[in-house]
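Undergrad: I have a structure I would like to understand better, so I am pasting it below and will then ask my questions one at a time.
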Amino acid sequence: MFAASRTARQRAVRPVFDVLEGRALLSTLMVPPVQVSGGAAESDFFHHRHGFHGPIVPNLPATPNASISTVPSNRDVNPYGVAFVPEDFPRGGLPRPGDILVSNFNNSNNVQGTGTTIVRIRPRSGRLFFTSEEPGLSTALGALKGGFVIVGNAPTPDGTLANMGPGSLQVIDRFGHQVLKLTDPKLLQGVWDLTINDLGPIAQVFVSNVISGTVTRIDLLVLPSLDKVKVLDMTQIASGYTVSRNVPAVVLGPTGLAFDLRTDTLYVASTGDNAIYAIPNAALTFSDGGKGNLIFNDVNHLNGPLGLVLAPNGDLITTNGDALNANSSVTPNELVEFTPKGQFVAEFPIEPLQNPGSAFGIALGRSGDHLILAAVDDSTNNLDLFQVNG
């Protein structure tokens, strides 16, 4: 287990050949970046398997096809993170391929930064998957096809930024056992969201840090046969995002992340900047590129972007958290779709206007032959599922 007090020592004695061989393997596994007008690592899968090529938001139904409670037996509330379990996730454990995982940020008393549970949802009901000893499970949630779930936390015992701790990144096996806890006094500071470049034996986890206003890439060696995940390297690849205290949301800072394998670009939803940035060469760089390139900051459609996902056609979809500007004319609870070049495509509210701040984590996945958009609803403590028409 990696602990903050031991991280520097453990990294110092980590065998050099692990890092060097890991980097060599990563370079071999990485698809050479191809400059295309649109597309994502997921694009080929969705195109070939589902024939879906169009935008997402204009093809959503007016109301969810299903709305499922995310409240587990301990009564945690305020769902933040959401992730689909990959179709090649090993069977025999608690989550199954196609399940949806949801992490809770609040406890049963609705105190922010104190929730401890991950719920697995299939297909119309939720059951507890994991209870963490680390409170404040954030939007940082994902699953590896090697059979592991990754979750981050940003704890705050009283729901304030002043007392928010740096948190950690936990790796959980498919039976609900923690196999690794990773902390770092510089590179993991308020673990707020993540996205994964899953290459099988190597997985790259991009993490947004809401306290330090940075993004860290963690290169992992995945060893399913040993039920282990090893850290090969950790690199800060982006920094300088605005961080500010916010009573309704605790903190505003870099949140949603989406990675495009075909162009080796990481997209960052910076809530405090009310903008989306693009980090080039994200998978292979070992230097800090600052904020990256600004691609979208349309005040007519953005009000504190939070969750972020890459669509099959190469567009990006973000959720508005509504906490940045209380006087914004932007409709609350919006999903906003736009192109990587910053062209607005469409918007869609997932919750009635009288409940601002309902939207947070989002994910795209499939159910049978259907493309599904999953969005957590903080107001109702539900997971809303939309079958994309088209």
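Labels for the structure tokens follow display order: chains A, B, ..., residues from 1 in each chain, ligands from 1.
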Using only C-alpha atoms, which protein or nucleic acid residues come within 10 Å of A:Ala249? Drop anything in the same chain fewer than 2 positions from it, and give the result as number ranges by chain.
TA: A: 112, 159-161, 245-247, 251-252, 321-324, 357
Undergrad: For the residues in that selection, give me C-alpha atoms as a PDB file, in the first residue's frame.
TA:
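Now in again14.pdb:
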```
ATOM      1  CA  GLN A 112     -20.331  16.814   1.611  1.00  0.00           C
ATOM      2  CA  GLY A 159     -18.047  19.984   3.889  1.00  0.00           C
ATOM      3  CA  THR A 160     -15.627  22.913   3.495  1.00  0.00           C
ATOM      4  CA  LEU A 161     -12.598  23.485   1.295  1.00  0.00           C
ATOM      5  CA  ARG A 245     -13.956  28.111  -2.616  1.00  0.00           C
ATOM      6  CA  ASN A 246     -17.645  27.625  -3.356  1.00  0.00           C
ATOM      7  CA  VAL A 247     -20.269  26.956  -0.701  1.00  0.00           C
ATOM      8  CA  VAL A 251     -14.684  23.895  -4.429  1.00  0.00           C
ATOM      9  CA  LEU A 252     -14.412  24.845  -8.087  1.00  0.00           C
ATOM     10  CA  GLY A 321     -22.718  22.371 -12.376  1.00  0.00           C
ATOM     11  CA  ASP A 322     -24.436  25.789 -12.160  1.00  0.00           C
ATOM     12  CA  ALA A 323     -22.385  26.859  -9.116  1.00  0.00           C
ATOM     13  CA  LEU A 324     -19.933  29.201 -10.864  1.00  0.00           C
ATOM     14  CA  GLY A 357     -26.785  21.849  -9.665  1.00  0.00           C
TER      15      GLY A 357
END
```
Undergrad: Which residue is closest to A:Ala275? Choose from A:Thr319, A:Asn333, A:Thr117, A:Gln387 and count only C-alpha atoms.
TA: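 So, comparing all the options, the nearest one is A:Thr319.
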Undergrad: Can you list, as number ranges by chain, every protein, DNA or RNA residue that comes within 8 Å of A:Val268 when you count only C-alpha atoms, leaving out same-chain residues fewer than 3 positions away?
TA: A: 254-258, 276-279, 308
Undergrad: Using N, CA and C atoms, can you export the residues from the last selection as a short mmCIF file (atom, residue, chain, number, x, y, z; two decimals), in the first residue's frame?
TA:
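Saved as again-v9.cif:
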```cif
data_model
loop_
_atom_site.label_atom_id
_atom_site.label_comp_id
_atom_site.auth_asym_id
_atom_site.auth_seq_id
_atom_site.Cartn_x
_atom_site.Cartn_y
_atom_site.Cartn_z
N PRO A 254 -10.33 22.11 -11.62
CA PRO A 254 -10.37 21.17 -12.75
C PRO A 254 -11.14 19.91 -12.36
N THR A 255 -12.04 19.49 -13.24
CA THR A 255 -12.90 18.34 -12.91
C THR A 255 -12.85 17.32 -14.03
N GLY A 256 -13.82 17.35 -14.94
CA GLY A 256 -13.97 16.29 -15.93
C GLY A 256 -12.79 16.17 -16.88
N LEU A 257 -12.48 14.91 -17.23
CA LEU A 257 -11.39 14.60 -18.16
C LEU A 257 -11.90 13.63 -19.22
N ALA A 258 -11.42 13.79 -20.43
CA ALA A 258 -11.75 12.87 -21.53
C ALA A 258 -10.52 12.72 -22.41
N ILE A 276 -13.13 24.65 -21.38
CA ILE A 276 -12.58 23.33 -21.71
C ILE A 276 -11.23 23.54 -22.39
N TYR A 277 -10.23 22.80 -21.93
CA TYR A 277 -8.88 22.90 -22.49
C TYR A 277 -8.46 21.56 -23.08
N ALA A 278 -7.48 21.60 -23.99
CA ALA A 278 -6.94 20.40 -24.61
C ALA A 278 -5.44 20.32 -24.32
N ILE A 279 -4.99 19.15 -23.81
CA ILE A 279 -3.59 18.90 -23.51
C ILE A 279 -3.04 17.97 -24.59
N LEU A 308 -17.24 15.27 -18.05
CA LEU A 308 -16.84 15.40 -19.45
C LEU A 308 -16.70 14.01 -20.04
#
```
Undergrad: As a list in words, please: every residue in stretch 121-345 of chain A that DSSP puts in helix (DSSP H, G or I).
TA: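 Everything in stretch 121-345 of chain A that counts as helix (DSSP H, G or I) is Leu161, Ala162, Asn163, Pro224, Ser225 and Leu226 of chain A.
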Undergrad: Give me the residues within 12 Å of A:Pro224 as a VMD selection string, counting only C-alpha atoms and dropping any in the same chain fewer than 2 places off.
TA: chain A and resid 89 to 90 144 to 148 172 to 174 179 200 to 202 221 to 222 226 to 230
Undergrad: Atom CA of A:Thr271 and atom CA of A:Ala375, how far apart in Å?
TA: 17.6 Å
Undergrad: Please provide the set of residues having any atom within 10 Å of A:Pro123, restricted to only C-alpha atoms, with same-chain residues fewer than 3 positions apart removed, written as a list in words.
TA: Ala66, Ile68, Gly98, Asp99, Ile100, Arg120, Gly126 and Ser367 of chain A
Undergrad: When you look at A:Gly292 with a cut-off of 12 Å (counting only C-alpha atoms), what residues show up, excluding the ones that are within fewer than 4 positions of it in the same chain? I need them as a PyMOL selection string.
TA: chain A and resi 214-215+237-241+265-270+275-282+287-288
Undergrad: Identify which of the residues A:Ala326, A:Pro135, A:Gly307, A:Phe296 lies closest to A:Ala83, counting only C-alpha atoms when measuring atom-to-atom distances.
TA: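 Selected residue with least distance to A:Ala83: A:Gly307.
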Undergrad: Which residues are close to A:Asp76, i.e. within 12 Å by only C-alpha atoms, leaving aside same-chain residues fewer than 4 positions away? Reply as a PyMOL selection string.
TA: chain A and resi 69-72+80+102-119+128+131-132+135-137+378+381-382
Undergrad: Considering only strand (DSSP E or B) as DSSP defines it on the backbone, what residues of stretch 161-373 of chain A qualify? List them as an NGL selection string.
TA: :A and (168-173 or 178-182 or 191-198 or 202-209 or 214-223 or 228-238 or 244-246 or 250-252 or 254-260 or 265-270 or 275-280 or 293-296 or 305-310 or 316-320 or 334-338 or 344-349 or 359-367 or 370-373)
